$ cat query_19.pdb   # PDB, C-alpha atoms and all ligand atoms
MODEL        1
ATOM      1  CA  MET O   1      94.590 128.639 103.806  1.00  0.00           C
ATOM      2  CA  LYS O   2      94.725 125.513 105.991  1.00  0.00           C
ATOM      3  CA  LYS O   3      91.595 123.397 106.330  1.00  0.00           C
ATOM      4  CA  ALA O   4      89.752 123.606 109.652  1.00  0.00           C
ATOM      5  CA  PHE O   5      87.455 121.187 111.421  1.00  0.00           C
ATOM      6  CA  ILE O   6      84.673 123.005 113.263  1.00  0.00           C
ATOM      7  CA  VAL O   7      82.914 120.507 115.510  1.00  0.00           C
ATOM      8  CA  ALA O   8      79.777 121.065 117.620  1.00  0.00           C
ATOM      9  CA  ASN O   9      79.440 118.775 120.621  1.00  0.00           C
ATOM     10  CA  TRP O  10      75.857 119.073 121.842  1.00  0.00           C
ATOM     11  CA  LYS O  11      76.416 116.574 124.660  1.00  0.00           C
ATOM     12  CA  SER O  12      73.161 115.541 126.433  1.00  0.00           C
ATOM     13  CA  ASN O  13      71.124 118.471 125.109  1.00  0.00           C
ATOM     14  CA  LYS O  14      68.196 119.094 122.734  1.00  0.00           C
ATOM     15  CA  THR O  15      64.990 117.417 121.681  1.00  0.00           C
ATOM     16  CA  ILE O  16      63.961 116.674 118.105  1.00  0.00           C
ATOM     17  CA  GLU O  17      61.999 119.914 117.920  1.00  0.00           C
ATOM     18  CA  GLU O  18      64.938 121.954 119.206  1.00  0.00           C
ATOM     19  CA  THR O  19      67.222 120.228 116.727  1.00  0.00           C
ATOM     20  CA  GLU O  20      64.952 121.196 113.827  1.00  0.00           C
ATOM     21  CA  LYS O  21      64.893 124.808 115.020  1.00  0.00           C
ATOM     22  CA  TRP O  22      68.673 124.881 115.332  1.00  0.00           C
ATOM     23  CA  LEU O  23      69.127 123.529 111.801  1.00  0.00           C
ATOM     24  CA  HIS O  24      66.657 126.052 110.344  1.00  0.00           C
ATOM     25  CA  VAL O  25      68.400 128.991 112.013  1.00  0.00           C
ATOM     26  CA  PHE O  26      71.757 127.635 110.893  1.00  0.00           C
ATOM     27  CA  GLN O  27      70.465 127.277 107.331  1.00  0.00           C
ATOM     28  CA  LYS O  28      69.521 130.992 107.255  1.00  0.00           C
ATOM     29  CA  GLY O  29      73.148 131.814 108.029  1.00  0.00           C
ATOM     30  CA  PHE O  30      74.325 129.354 105.399  1.00  0.00           C
ATOM     31  CA  LEU O  31      72.050 130.799 102.679  1.00  0.00           C
ATOM     32  CA  SER O  32      73.182 134.337 103.453  1.00  0.00           C
ATOM     33  CA  LYS O  33      76.890 133.460 103.486  1.00  0.00           C
ATOM     34  CA  GLU O  34      77.819 130.149 101.887  1.00  0.00           C
ATOM     35  CA  SER O  35      81.440 131.268 101.571  1.00  0.00           C
ATOM     36  CA  VAL O  36      82.045 130.801 105.310  1.00  0.00           C
ATOM     37  CA  PHE O  37      82.025 127.054 104.737  1.00  0.00           C
ATOM     38  CA  GLU O  38      84.992 127.222 102.350  1.00  0.00           C
ATOM     39  CA  GLY O  39      87.998 125.283 103.630  1.00  0.00           C
ATOM     40  CA  LYS O  40      86.035 124.004 106.632  1.00  0.00           C
ATOM     41  CA  THR O  41      84.654 120.629 107.602  1.00  0.00           C
ATOM     42  CA  VAL O  42      81.617 121.292 109.782  1.00  0.00           C
ATOM     43  CA  ILE O  43      80.619 118.407 112.031  1.00  0.00           C
ATOM     44  CA  ILE O  44      77.644 118.298 114.388  1.00  0.00           C
ATOM     45  CA  SER O  45      77.533 115.771 117.194  1.00  0.00           C
ATOM     46  CA  PRO O  46      74.023 115.294 118.637  1.00  0.00           C
ATOM     47  CA  SER O  47      72.754 112.529 120.927  1.00  0.00           C
ATOM     48  CA  PHE O  48      71.895 109.157 119.368  1.00  0.00           C
ATOM     49  CA  THR O  49      68.157 109.937 119.643  1.00  0.00           C
ATOM     50  CA  LEU O  50      68.597 112.928 117.329  1.00  0.00           C
ATOM     51  CA  LEU O  51      71.004 111.569 114.750  1.00  0.00           C
ATOM     52  CA  GLU O  52      68.508 110.150 112.289  1.00  0.00           C
ATOM     53  CA  HIS O  53      66.238 113.196 112.233  1.00  0.00           C
ATOM     54  CA  ALA O  54      69.157 115.609 112.153  1.00  0.00           C
ATOM     55  CA  ASN O  55      70.515 113.776 109.098  1.00  0.00           C
ATOM     56  CA  TYR O  56      67.132 113.874 107.408  1.00  0.00           C
ATOM     57  CA  CYS O  57      66.616 117.616 108.063  1.00  0.00           C
ATOM     58  CA  SER O  58      70.151 118.515 107.109  1.00  0.00           C
ATOM     59  CA  SER O  59      69.872 116.815 103.721  1.00  0.00           C
ATOM     60  CA  ASN O  60      66.464 118.442 103.103  1.00  0.00           C
ATOM     61  CA  LEU O  61      67.968 121.815 103.953  1.00  0.00           C
ATOM     62  CA  LYS O  62      71.005 120.985 101.773  1.00  0.00           C
ATOM     63  CA  LEU O  63      73.444 121.869 104.538  1.00  0.00           C
ATOM     64  CA  PRO O  64      77.099 120.962 103.948  1.00  0.00           C
ATOM     65  CA  ILE O  65      77.517 119.382 107.361  1.00  0.00           C
ATOM     66  CA  ARG O  66      78.630 115.980 108.592  1.00  0.00           C
ATOM     67  CA  PHE O  67      77.656 114.156 111.728  1.00  0.00           C
ATOM     68  CA  ALA O  68      79.492 112.570 114.617  1.00  0.00           C
ATOM     69  CA  ALA O  69      78.158 110.282 117.321  1.00  0.00           C
ATOM     70  CA  GLN O  70      79.237 110.923 120.910  1.00  0.00           C
ATOM     71  CA  ASN O  71      79.868 107.323 121.865  1.00  0.00           C
ATOM     72  CA  ILE O  72      80.296 103.835 120.400  1.00  0.00           C
ATOM     73  CA  SER O  73      80.041 100.366 121.850  1.00  0.00           C
ATOM     74  CA  PRO O  74      83.432  98.728 122.429  1.00  0.00           C
ATOM     75  CA  PHE O  75      81.812  95.512 121.070  1.00  0.00           C
ATOM     76  CA  SER O  76      80.428  94.465 117.700  1.00  0.00           C
ATOM     77  CA  GLU O  77      76.662  94.144 117.411  1.00  0.00           C
ATOM     78  CA  GLY O  78      75.048  91.494 119.570  1.00  0.00           C
ATOM     79  CA  GLN O  79      73.963  90.890 123.132  1.00  0.00           C
ATOM     80  CA  TYR O  80      75.047  94.172 124.715  1.00  0.00           C
ATOM     81  CA  THR O  81      71.890  95.783 126.104  1.00  0.00           C
ATOM     82  CA  GLY O  82      71.929  99.560 125.970  1.00  0.00           C
ATOM     83  CA  GLU O  83      74.911  99.838 123.645  1.00  0.00           C
ATOM     84  CA  VAL O  84      74.959 101.254 120.109  1.00  0.00           C
ATOM     85  CA  SER O  85      77.301  99.423 117.747  1.00  0.00           C
ATOM     86  CA  GLY O  86      79.553 100.845 115.062  1.00  0.00           C
ATOM     87  CA  ARG O  87      77.428  99.291 112.327  1.00  0.00           C
ATOM     88  CA  GLN O  88      74.331 101.090 113.652  1.00  0.00           C
ATOM     89  CA  ILE O  89      76.155 104.388 114.035  1.00  0.00           C
ATOM     90  CA  LYS O  90      77.562 104.229 110.516  1.00  0.00           C
ATOM     91  CA  GLU O  91      74.029 104.653 109.112  1.00  0.00           C
ATOM     92  CA  PHE O  92      73.986 108.227 110.421  1.00  0.00           C
ATOM     93  CA  SER O  93      77.539 109.416 111.085  1.00  0.00           C
ATOM     94  CA  ASP O  94      80.969 109.652 109.541  1.00  0.00           C
ATOM     95  CA  TYR O  95      82.793 110.637 112.706  1.00  0.00           C
ATOM     96  CA  ILE O  96      82.767 109.677 116.346  1.00  0.00           C
ATOM     97  CA  ILE O  97      83.956 111.476 119.470  1.00  0.00           C
ATOM     98  CA  VAL O  98      85.958 109.097 121.658  1.00  0.00           C
ATOM     99  CA  GLY O  99      87.699 109.672 124.991  1.00  0.00           C
ATOM    100  CA  HIS O 100      85.936 112.850 126.105  1.00  0.00           C
ATOM    101  CA  SER O 101      86.893 113.706 129.707  1.00  0.00           C
ATOM    102  CA  GLU O 102      83.213 113.575 130.726  1.00  0.00           C
ATOM    103  CA  ARG O 103      83.067 109.935 129.606  1.00  0.00           C
ATOM    104  CA  ARG O 104      86.297 109.171 131.422  1.00  0.00           C
ATOM    105  CA  ARG O 105      85.057 110.926 134.565  1.00  0.00           C
ATOM    106  CA  TYR O 106      81.385 109.975 134.841  1.00  0.00           C
ATOM    107  CA  PHE O 107      81.381 106.628 133.013  1.00  0.00           C
ATOM    108  CA  HIS O 108      84.852 105.498 134.082  1.00  0.00           C
ATOM    109  CA  GLU O 109      86.071 104.775 130.568  1.00  0.00           C
ATOM    110  CA  THR O 110      89.592 103.449 130.755  1.00  0.00           C
ATOM    111  CA  ASN O 111      92.412 103.765 128.249  1.00  0.00           C
ATOM    112  CA  ARG O 112      91.906 100.110 127.392  1.00  0.00           C
ATOM    113  CA  GLU O 113      88.208 100.527 126.699  1.00  0.00           C
ATOM    114  CA  LEU O 114      88.946 103.616 124.627  1.00  0.00           C
ATOM    115  CA  GLU O 115      91.371 101.578 122.539  1.00  0.00           C
ATOM    116  CA  SER O 116      88.526  99.121 121.811  1.00  0.00           C
ATOM    117  CA  LYS O 117      86.209 101.999 120.922  1.00  0.00           C
ATOM    118  CA  VAL O 118      88.738 103.425 118.483  1.00  0.00           C
ATOM    119  CA  ALA O 119      89.277  99.956 116.970  1.00  0.00           C
ATOM    120  CA  MET O 120      85.501  99.513 116.549  1.00  0.00           C
ATOM    121  CA  SER O 121      85.179 102.956 114.946  1.00  0.00           C
ATOM    122  CA  ILE O 122      87.834 102.105 112.405  1.00  0.00           C
ATOM    123  CA  GLU O 123      86.387  98.662 111.733  1.00  0.00           C
ATOM    124  CA  TYR O 124      83.071 100.274 110.783  1.00  0.00           C
ATOM    125  CA  GLY O 125      84.569 103.114 108.744  1.00  0.00           C
ATOM    126  CA  LEU O 126      83.963 105.839 111.306  1.00  0.00           C
ATOM    127  CA  ILE O 127      86.649 108.471 111.832  1.00  0.00           C
ATOM    128  CA  PRO O 128      87.459 108.883 115.541  1.00  0.00           C
ATOM    129  CA  ILE O 129      88.012 112.348 116.972  1.00  0.00           C
ATOM    130  CA  PHE O 130      90.012 111.294 119.994  1.00  0.00           C
ATOM    131  CA  CYS O 131      89.949 113.656 122.992  1.00  0.00           C
ATOM    132  CA  ILE O 132      93.031 114.074 125.123  1.00  0.00           C
ATOM    133  CA  GLN O 133      93.407 116.108 128.264  1.00  0.00           C
ATOM    134  CA  GLY O 134      97.091 116.873 127.771  1.00  0.00           C
ATOM    135  CA  SER O 135     100.048 115.843 125.623  1.00  0.00           C
ATOM    136  CA  LYS O 136     100.697 112.846 127.884  1.00  0.00           C
ATOM    137  CA  THR O 137      97.254 111.232 127.446  1.00  0.00           C
ATOM    138  CA  PRO O 138      97.826 107.934 125.585  1.00  0.00           C
ATOM    139  CA  ILE O 139      96.489 107.974 122.030  1.00  0.00           C
ATOM    140  CA  PRO O 140      95.417 104.630 120.508  1.00  0.00           C
ATOM    141  CA  LYS O 141      96.934 103.569 117.205  1.00  0.00           C
ATOM    142  CA  ASP O 142      95.318 104.583 113.900  1.00  0.00           C
ATOM    143  CA  VAL O 143      93.945 107.843 115.335  1.00  0.00           C
ATOM    144  CA  GLU O 144      94.424 110.751 112.915  1.00  0.00           C
ATOM    145  CA  ILE O 145      92.343 113.482 114.567  1.00  0.00           C
ATOM    146  CA  VAL O 146      92.888 114.470 118.180  1.00  0.00           C
ATOM    147  CA  ALA O 147      91.076 117.138 120.193  1.00  0.00           C
ATOM    148  CA  TYR O 148      93.114 118.685 122.987  1.00  0.00           C
ATOM    149  CA  GLU O 149      90.612 119.545 125.713  1.00  0.00           C
ATOM    150  CA  PRO O 150      92.145 120.594 129.042  1.00  0.00           C
ATOM    151  CA  ILE O 151      89.683 119.780 131.840  1.00  0.00           C
ATOM    152  CA  PHE O 152      89.861 123.233 133.471  1.00  0.00           C
ATOM    153  CA  ALA O 153      88.683 124.828 130.225  1.00  0.00           C
ATOM    154  CA  ILE O 154      85.610 122.669 129.596  1.00  0.00           C
ATOM    155  CA  GLY O 155      82.385 124.560 130.244  1.00  0.00           C
ATOM    156  CA  SER O 156      84.220 127.029 132.499  1.00  0.00           C
ATOM    157  CA  GLY O 157      84.398 130.108 130.290  1.00  0.00           C
ATOM    158  CA  ASN O 158      88.136 129.969 130.920  1.00  0.00           C
ATOM    159  CA  SER O 159      89.853 128.689 127.769  1.00  0.00           C
ATOM    160  CA  ASP O 160      93.488 127.678 127.524  1.00  0.00           C
ATOM    161  CA  THR O 161      95.804 130.240 125.945  1.00  0.00           C
ATOM    162  CA  PRO O 162      96.324 129.847 122.198  1.00  0.00           C
ATOM    163  CA  GLU O 163     100.071 129.666 122.896  1.00  0.00           C
ATOM    164  CA  ASN O 164      99.739 126.722 125.255  1.00  0.00           C
ATOM    165  CA  ALA O 165      97.180 124.975 123.046  1.00  0.00           C
ATOM    166  CA  ASN O 166      99.498 125.413 120.067  1.00  0.00           C
ATOM    167  CA  LEU O 167     102.454 124.032 122.015  1.00  0.00           C
ATOM    168  CA  THR O 168     100.418 120.984 123.082  1.00  0.00           C
ATOM    169  CA  ALA O 169      99.256 120.496 119.490  1.00  0.00           C
ATOM    170  CA  GLU O 170     102.864 120.599 118.352  1.00  0.00           C
ATOM    171  CA  LEU O 171     103.856 117.913 120.886  1.00  0.00           C
ATOM    172  CA  VAL O 172     100.922 115.740 119.818  1.00  0.00           C
ATOM    173  CA  LYS O 173     101.804 116.102 116.149  1.00  0.00           C
ATOM    174  CA  LYS O 174     105.320 114.887 116.965  1.00  0.00           C
ATOM    175  CA  GLN O 175     103.632 111.598 117.920  1.00  0.00           C
ATOM    176  CA  GLY O 176     102.477 111.285 114.304  1.00  0.00           C
ATOM    177  CA  ILE O 177      98.957 112.703 114.681  1.00  0.00           C
ATOM    178  CA  LYS O 178      97.750 114.456 111.531  1.00  0.00           C
ATOM    179  CA  TYR O 179      95.220 116.956 112.881  1.00  0.00           C
ATOM    180  CA  VAL O 180      94.880 118.514 116.328  1.00  0.00           C
ATOM    181  CA  LEU O 181      91.786 120.484 117.357  1.00  0.00           C
ATOM    182  CA  TYR O 182      91.391 122.627 120.446  1.00  0.00           C
ATOM    183  CA  GLY O 183      88.326 122.413 122.730  1.00  0.00           C
ATOM    184  CA  GLY O 184      87.351 124.181 125.946  1.00  0.00           C
ATOM    185  CA  SER O 185      85.290 127.399 126.210  1.00  0.00           C
ATOM    186  CA  VAL O 186      85.623 128.257 122.513  1.00  0.00           C
ATOM    187  CA  THR O 187      83.345 131.141 121.474  1.00  0.00           C
ATOM    188  CA  SER O 188      82.931 133.373 118.434  1.00  0.00           C
ATOM    189  CA  LYS O 189      85.201 135.869 120.202  1.00  0.00           C
ATOM    190  CA  ASN O 190      88.225 133.644 120.804  1.00  0.00           C
ATOM    191  CA  VAL O 191      87.946 131.073 117.976  1.00  0.00           C
ATOM    192  CA  LYS O 192      90.292 132.886 115.607  1.00  0.00           C
ATOM    193  CA  SER O 193      93.124 132.915 118.136  1.00  0.00           C
ATOM    194  CA  PHE O 194      93.030 129.104 118.015  1.00  0.00           C
ATOM    195  CA  THR O 195      92.352 128.468 114.328  1.00  0.00           C
ATOM    196  CA  THR O 196      95.161 130.818 113.303  1.00  0.00           C
ATOM    197  CA  SER O 197      97.678 129.018 115.524  1.00  0.00           C
ATOM    198  CA  PRO O 198     100.021 127.081 113.220  1.00  0.00           C
ATOM    199  CA  ASN O 199      99.534 123.643 114.802  1.00  0.00           C
ATOM    200  CA  ILE O 200      95.791 123.836 115.473  1.00  0.00           C
ATOM    201  CA  ASP O 201      93.470 122.456 112.798  1.00  0.00           C
ATOM    202  CA  GLY O 202      90.100 123.377 114.206  1.00  0.00           C
ATOM    203  CA  VAL O 203      87.933 123.519 117.297  1.00  0.00           C
ATOM    204  CA  LEU O 204      85.562 121.330 119.286  1.00  0.00           C
ATOM    205  CA  VAL O 205      82.796 123.501 120.708  1.00  0.00           C
ATOM    206  CA  GLY O 206      80.411 122.532 123.515  1.00  0.00           C
ATOM    207  CA  THR O 207      78.302 125.227 125.207  1.00  0.00           C
ATOM    208  CA  ALA O 208      78.609 127.811 122.426  1.00  0.00           C
ATOM    209  CA  SER O 209      77.450 125.295 119.808  1.00  0.00           C
ATOM    210  CA  LEU O 210      74.000 124.954 121.405  1.00  0.00           C
ATOM    211  CA  ASP O 211      72.995 128.312 119.949  1.00  0.00           C
ATOM    212  CA  ALA O 212      72.838 128.094 116.140  1.00  0.00           C
ATOM    213  CA  LEU O 213      73.598 131.785 115.621  1.00  0.00           C
ATOM    214  CA  GLU O 214      76.621 131.706 117.905  1.00  0.00           C
ATOM    215  CA  PHE O 215      77.886 128.536 116.211  1.00  0.00           C
ATOM    216  CA  PHE O 216      77.458 130.181 112.818  1.00  0.00           C
ATOM    217  CA  LYS O 217      79.471 133.162 114.101  1.00  0.00           C
ATOM    218  CA  ILE O 218      82.190 130.761 115.250  1.00  0.00           C
ATOM    219  CA  LEU O 219      82.290 129.415 111.719  1.00  0.00           C
ATOM    220  CA  GLN O 220      82.435 132.919 110.282  1.00  0.00           C
ATOM    221  CA  ASN O 221      85.219 134.044 112.607  1.00  0.00           C
ATOM    222  CA  ALA O 222      87.292 130.830 112.450  1.00  0.00           C
TER     223      ALA O 222
HETATM  224  P1  LIG O 301      82.771 123.778 126.127  1.00  0.00           P
HETATM  225  O1  LIG O 301      82.883 122.202 125.920  1.00  0.00           O
HETATM  226  O2  LIG O 301      82.892 124.437 124.783  1.00  0.00           O
HETATM  227  O3  LIG O 301      81.438 123.996 126.753  1.00  0.00           O
HETATM  228  O4  LIG O 301      83.891 124.180 127.041  1.00  0.00           O
HETATM  229  C1  LIG O 301      83.836 121.655 125.045  1.00  0.00           C
HETATM  230  C2  LIG O 301      83.761 120.150 125.055  1.00  0.00           C
HETATM  231  O5  LIG O 301      83.596 119.571 126.138  1.00  0.00           O
HETATM  232  O6  LIG O 301      83.846 119.502 124.005  1.00  0.00           O
ENDMDL
END
$ encode --input "query_19.pdb" --output "structure tokens"
Amino acid sequence: MKKAFIVANWKSNKTIEETEKWLHVFQKGFLSKESVFEGKTVIISPSFTLLEHANYCSSNLKLPIRFAAQNISPFSEGQYTGEVSGRQIKEFSDYIIVGHSERRRYFHETNRELESKVAMSIEYGLIPIFCIQGSKTPIPKDVEIVAYEPIFAIGSGNSDTPENANLTAELVKKQGIKYVLYGGSVTSKNVKSFTTSPNIDGVLVGTASLDALEFFKILQNA
């Protein structure tokens, strides 16, 4: 069985209290069916404000999950008001989501800035999960994990077809990328069609990851 990355992108959602609730519900699923974690790397990506507490709760609950931040400063630590540096993020995360289309669209992140963000991630020992919107999106060097997330599929309830996602993943792998995930309206109902596609190594889940039970089902069905 190939290994799958199952990533929850919570975006700008949840308070500390809601995060605790989510983790407790998720733990119930885990205790009833630990085997669903076999062969899977489960990564949760909450906002910066939640990362520390989510880490603390997850280790208390003994959950086999890892964390990802949703952004990183393109600079080292220093005089960059409002930014969170790689060194700070490393205290709470192993992974980092870079290049999401929402960051490109609403925060005008350019390919050049994304290159700096990837370089910073690597400098601080964080593994970037680099989002692309199609096989032609430039991918910075040293990236090993890419998430193919077509814009029309994000938050729309209208996912790409597994065939097209697999074809895109194949093209991306030809560029030397090791793992390609699919993201865009993934649910517990359609997840298997993606994870069983030969070139797809997992999923990046937004909306459906906000509900702990639904996310657990995604894990079960993947
Ligand atoms: P979605 O979001 O699952 O709500 O479509 C995916 C993403 O943007 O990562």
$ resolve_selection --input "query_19.pdb" --expression "the PyMOL selection byres (((not hetatm)) within 9 of (chain O and resi 301))" --output "PyMOL selection string"
chain O and resi 7-11+100-102+131+147+149+151-159+182-187+203-209
$ residues_around --input "query_19.pdb" --residues "Phe5 of chain O" --least-positions-apart "5" --cutoff "6 Å" --atoms "only C-alpha atoms" --output "list in words"
Lys40, Thr41 and Gly202 of chain O
$ atom_distance --input "query_19.pdb" --atom1 "atom CA of Gly82 of chain O" --atom2 "atom CA of Arg105 of chain O"
19.4 Å
$ atom_distance --input "query_19.pdb" --atom1 "atom CA of Arg112 of chain O" --atom2 "atom CA of Val180 of chain O"
21.7 Å
$ closest_residue --input "query_19.pdb" --among "O:Ser193, O:Ser35, O:Asn199, O:Ser116" --to "Val146 of chain O" --atoms "all atoms listed in the file"
O:Asn199
$ atom_distance --input "query_19.pdb" --atom1 "atom CA of Ala119 of chain O" --atom2 "atom CA of Phe67 of chain O"
19.1 Å
$ resolve_selection --input "query_19.pdb" --expression "the PyMOL selection byres (((chain O and resi 85) around 7) and not hetatm)" --output "ChimeraX atom specification"
/O:72-73,75-77,83-84,86-89
$ residues_around --input "query_19.pdb" --residues "Pro64 of chain O" --least-positions-apart "3" --cutoff "10 Å" --atoms "only C-alpha atoms" --output "PyMOL selection string"
chain O and resi 27+30+34+37+40-43+58-59+61
$ residues_around --input "query_19.pdb" --residues "Pro198 of chain O" --least-positions-apart "3" --cutoff "9 Å" --atoms "all atoms listed in the file" --output "list in words"
Asn166, Glu170, Phe194, Thr195 and Asp201 of chain O
$ axis_aligned_box --input "query_19.pdb" --around "segment 102-112 of chain O" --padding-each-side "6 Å" --output "lines of an AutoDock Vina configuration file"
center_x = 86.9
center_y = 106.8
center_z = 131.1
size_x = 23.0
size_y = 25.5
size_z = 19.4
$ residues_around --input "query_19.pdb" --residues "Glu91 of chain O" --least-positions-apart "5" --cutoff "10 Å" --atoms "all atoms listed in the file" --output "MDAnalysis selection string"
chainID O and resid 51:52 55 86
$ residues_around --input "query_19.pdb" --residues "Asp211 of chain O" --least-positions-apart "6" --cutoff "12 Å" --atoms "all atoms listed in the file" --output "list in words"
Ala8, Asn9, Trp10, Asn13, Lys14, Glu18, Thr19, Lys21, Trp22, Leu23, His24, Val25, Phe26, Thr187, Ser188, Val205, Lys217 and Ile218 of chain O
$ resolve_selection --input "query_19.pdb" --expression "the PyMOL selection byres (((chain O and resi 171) around 12) and not hetatm)" --output "JSON, numbers by chain"
{"O": [134, 135, 136, 137, 146, 148, 164, 165, 166, 167, 168, 169, 170, 172, 173, 174, 175, 176, 177, 178, 179, 180, 199, 200]}
$ write_last_selection --input "query_19.pdb" --atoms "C-alpha atoms" --output "mmCIF file, keeping the file's coordinate frame"
data_model
loop_
_atom_site.group_PDB
_atom_site.id
_atom_site.type_symbol
_atom_site.label_atom_id
_atom_site.label_comp_id
_atom_site.auth_asym_id
_atom_site.auth_seq_id
_atom_site.Cartn_x
_atom_site.Cartn_y
_atom_site.Cartn_z
ATOM 1 C CA GLY O 134 97.091 116.873 127.771
ATOM 2 C CA SER O 135 100.048 115.843 125.623
ATOM 3 C CA LYS O 136 100.697 112.846 127.884
ATOM 4 C CA THR O 137 97.254 111.232 127.446
ATOM 5 C CA VAL O 146 92.888 114.470 118.180
ATOM 6 C CA TYR O 148 93.114 118.685 122.987
ATOM 7 C CA ASN O 164 99.739 126.722 125.255
ATOM 8 C CA ALA O 165 97.180 124.975 123.046
ATOM 9 C CA ASN O 166 99.498 125.413 120.067
ATOM 10 C CA LEU O 167 102.454 124.032 122.015
ATOM 11 C CA THR O 168 100.418 120.984 123.082
ATOM 12 C CA ALA O 169 99.256 120.496 119.490
ATOM 13 C CA GLU O 170 102.864 120.599 118.352
ATOM 14 C CA VAL O 172 100.922 115.740 119.818
ATOM 15 C CA LYS O 173 101.804 116.102 116.149
ATOM 16 C CA LYS O 174 105.320 114.887 116.965
ATOM 17 C CA GLN O 175 103.632 111.598 117.920
ATOM 18 C CA GLY O 176 102.477 111.285 114.304
ATOM 19 C CA ILE O 177 98.957 112.703 114.681
ATOM 20 C CA LYS O 178 97.750 114.456 111.531
ATOM 21 C CA TYR O 179 95.220 116.956 112.881
ATOM 22 C CA VAL O 180 94.880 118.514 116.328
ATOM 23 C CA ASN O 199 99.534 123.643 114.802
ATOM 24 C CA ILE O 200 95.791 123.836 115.473
#
$ closest_residue --input "query_19.pdb" --among "O:Thr81, O:Ser121, O:Asn60, O:Asn71" --to "Glu109 of chain O" --atoms "only C-alpha atoms"
O:Asn71
$ closest_residue --input "query_19.pdb" --among "O:Lys117, O:Lys28, O:Arg104, O:Lys2" --to "Gln133 of chain O" --atoms "all atoms listed in the file"
O:Arg104
$ closest_residue --input "query_19.pdb" --among "O:Phe92, O:Pro138, O:Leu50, O:Arg66" --to "Leu114 of chain O" --atoms "all atoms listed in the file"
O:Pro138
